[in-house]
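These notes concern the structure reproduced below.
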Amino acid sequence: MRASRHDLTINSRSGRAALVFAASLWLSLTACGSNEDQAFGRGYAAYQQGDFKAAMGIWNPLAEAGDARAQYNLGMIYYEGRGVPRDVAQAILLWRKAADQGHLRARHNLALALISGEGSQQDYAAAIDSLKITAKAGFANSQYSLGKMLLEGLGAARDEAAGINYISMAAEQGFAKAQYSLAKAYRDGAGVQKNEETAAMWFRKAAERGHAGAHRNLAPRLAEGKGIARDEGAALKWALIAASQGMNEAAQLAMQLRKSLPADQIAKAEMEASIFHPE
Amino acid sequence: MTPLKAALRGLCVAAPLMMVVLGLTAVMQAQAQIASRVETQQAKKFISDLGAQAIYVPRSNNGSIEQREAIFREMLGSRFSMPFIGRLVLGRYWQSATPDQQEEYLALFSEFVLRNYASMLGGYSGEQFEVLSAIEAGKKDTLITSRISGGGREPIGVDWRLRMIDERPQIIDISVGGVSMSITQREEYAALVQRYGINGLLEALRARTNALPAEGPE
């Protein structure tokens, strides 16, 4: 028993020591992590202010120490050529390091580099494998890219149902390009049952998000009442927005609508077009 | 009067008139050409204003760098003739694309070019933009040379080719460090179309415009 008590005392002492050691270790690790976080944040602030040299100076040692976020952001600096000559191969190297640690943004961008073939050998199949992971994690950009690849049979057998499914997932998240693609799919009956009402709904959603092609498509639909309630005032608004983006056919539609609409509706449409901001 | 004589007489009356009409047409065409070129002073101001925006907008304190660059891209886009450049770059493959492919290509091409050049030109803390010269180039264009310096990078020369399209000056090419956008991309796109078809080119452009931005602290 004594021995046990002794052991217990020793154990208790060693337990306390272990606890103190663990606490100090945790504190030091937390402090260390916090320093890294702070440094990473300072780098991001410099990046946001356009001081890319300072951002690189801060992120370089973090990246070398294995910080996936710093590796990813440094990759972006090289990819966009901010303060350094554009170097996609270097960006890929950094993204690969980050992706190997489970960094999903890095995995997404890496997949895109494999699709475009910039700075690396084009590899559609490897890109699709990566996009499946990031799409599953909920990245709308990945869902859209993957959906398009499957719709067109690039890097995998053509699979319209799966392609539309991924594009729908991105569209539901508010990704304008996916909403526009889905609208066209319903308009043309490509991979889905043709449905003018659903097409018009997605054109409207994409238009509200600022998609230029959707502005051009929505205006005549509203003017004709195709898949959507006829509303010439709203048609003029979207035609004016599309015309301001250099779309000549929209400018012609706006001109026709001006002839048929009363002055107050024209003024309202012009005002709404002038203050339009994408969602 | 025989029909031949009548025709000849008609010709004699009409010939001087034709000469006058042709002469007038030539003068009008010459005037149209002169009027259609962007004057050098106007061209200098056009690029100088754009340069001021390239410095100011991405560097202002409103919103994130991505949001500020999106505003700058819009400004830059309104000064580029994307349909002209896009078609030029795609060359003979334009005709082999479907209307849907053409539409998507122009949208993606425009987004890619603007993303590329907006991040290349603006957003550097402490950078300066100066217009160096403007000269007439060929029958229709005006070439402006400019330089961006400061901002912690080597000075870079940026040349702009302007043309009057739809009665307003529009950029139809840009060269950074002597490398022309149109020429470089024309070669690259042709190689992509030859290998993967128009859909392969569109996929490459989608990939280049769909990258996620830099990550901020949590």
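Lettering and numbering for the structure tokens are positional, with chains as A, B, ... in the shown order, residues counted from 1 in each chain, and ligands counted from 1 in the shown order.
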
Quick one: contact table of chain A to chain B, 6 Å max, nearest atom pair and distance in Å to one decimal per residue, counting only C-alpha atoms, chain and number order, as a Markdown table?
```
| residue | atom | partner | partner_atom | distance |
| --- | --- | --- | --- | --- |
| A:Gly41 | CA | B:Pro217 | CA | 5.5 |
| A:Gln48 | CA | B:Ile65 | CA | 5.3 |
| A:Gly50 | CA | B:Tyr124 | CA | 4.5 |
| A:Asp51 | CA | B:Ser125 | CA | 5.4 |
| A:Asn73 | CA | B:Ala214 | CA | 5.2 |
| A:Gly83 | CA | B:Arg153 | CA | 5.6 |
| A:Asn109 | CA | B:Ala211 | CA | 5.4 |
| A:Leu112 | CA | B:Ala207 | CA | 4.9 |
| A:Ser116 | CA | B:Ala204 | CA | 4.2 |
```

- Just the residues within 9 Å of Ile133 in chain A, please, counting only C-alpha atoms, with nothing from its chain fewer than 6 positions along; format it as a list in words. Leu104, Arg107, His108 and Ser142 of chain A

Dump N, CA, C and O atoms for the selected residues as a short mmCIF file (atom, residue, chain, number, x, y, z; two decimals), in the first residue's frame?
```cif
data_model
loop_
_atom_site.label_atom_id
_atom_site.label_comp_id
_atom_site.auth_asym_id
_atom_site.auth_seq_id
_atom_site.Cartn_x
_atom_site.Cartn_y
_atom_site.Cartn_z
N LEU A 104 -7.90 22.76 -49.61
CA LEU A 104 -8.84 22.52 -50.71
C LEU A 104 -8.81 23.60 -51.79
O LEU A 104 -8.97 23.31 -52.98
N ARG A 107 -6.08 22.76 -53.97
CA ARG A 107 -6.42 21.61 -54.82
C ARG A 107 -7.28 22.06 -56.01
O ARG A 107 -7.10 21.59 -57.12
N HIS A 108 -8.21 22.98 -55.74
CA HIS A 108 -9.07 23.49 -56.82
C HIS A 108 -8.23 24.21 -57.87
O HIS A 108 -8.34 23.92 -59.08
N SER A 142 -15.69 24.69 -58.18
CA SER A 142 -15.30 23.32 -58.56
C SER A 142 -16.49 22.58 -59.17
O SER A 142 -16.34 21.86 -60.17
#
```

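In this model, the gap between CA of Ile241 in chain A and CA of Ile172 in chain B comes to 23.4 Å.
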
- Would you please give, as a PyMOL selection string, all residues of range 88-181 of chain B that DSSP assigns to strand (DSSP E or B) based on the backbone? chain B and resi 127-137+141-150+156-165+168-176+179-180

- Message: Need to verify the contact set: Leu240 in chain A, 8 Å, only C-alpha atoms, exclusion of same-chain residues closer than 4 positions in sequence. Can you return it as a ChimeraX atom specification?
- Response: /A:236,244,250-251,254,270,273

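The residue that comes closest to Gly155 in chain A, out of A:Gly66, A:Arg204, A:Ile115, A:Ala212 and on the basis of only C-alpha atoms, is A:Ile115.
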
- Where does DSSP see alpha helix (DSSP H) in range 156-265 of chain A, if you list the residues as JSON, numbers by chain? {"A": [160, 161, 162, 163, 164, 165, 166, 167, 168, 169, 170, 171, 172, 176, 177, 178, 179, 180, 181, 182, 183, 184, 185, 186, 187, 188, 196, 197, 198, 199, 200, 201, 202, 203, 204, 205, 206, 207, 208, 212, 213, 214, 215, 216, 217, 218, 219, 220, 221, 222, 223, 224, 232, 233, 234, 235, 236, 237, 238, 239, 240, 241, 242, 243, 244, 248, 249, 250, 251, 252, 253, 254, 255, 256, 257, 258, 259, 260, 263, 264, 265]}

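Reported to one decimal place, the separation of CA of Tyr144 in chain A from CA of Asn165 in chain A is 9.6 Å.
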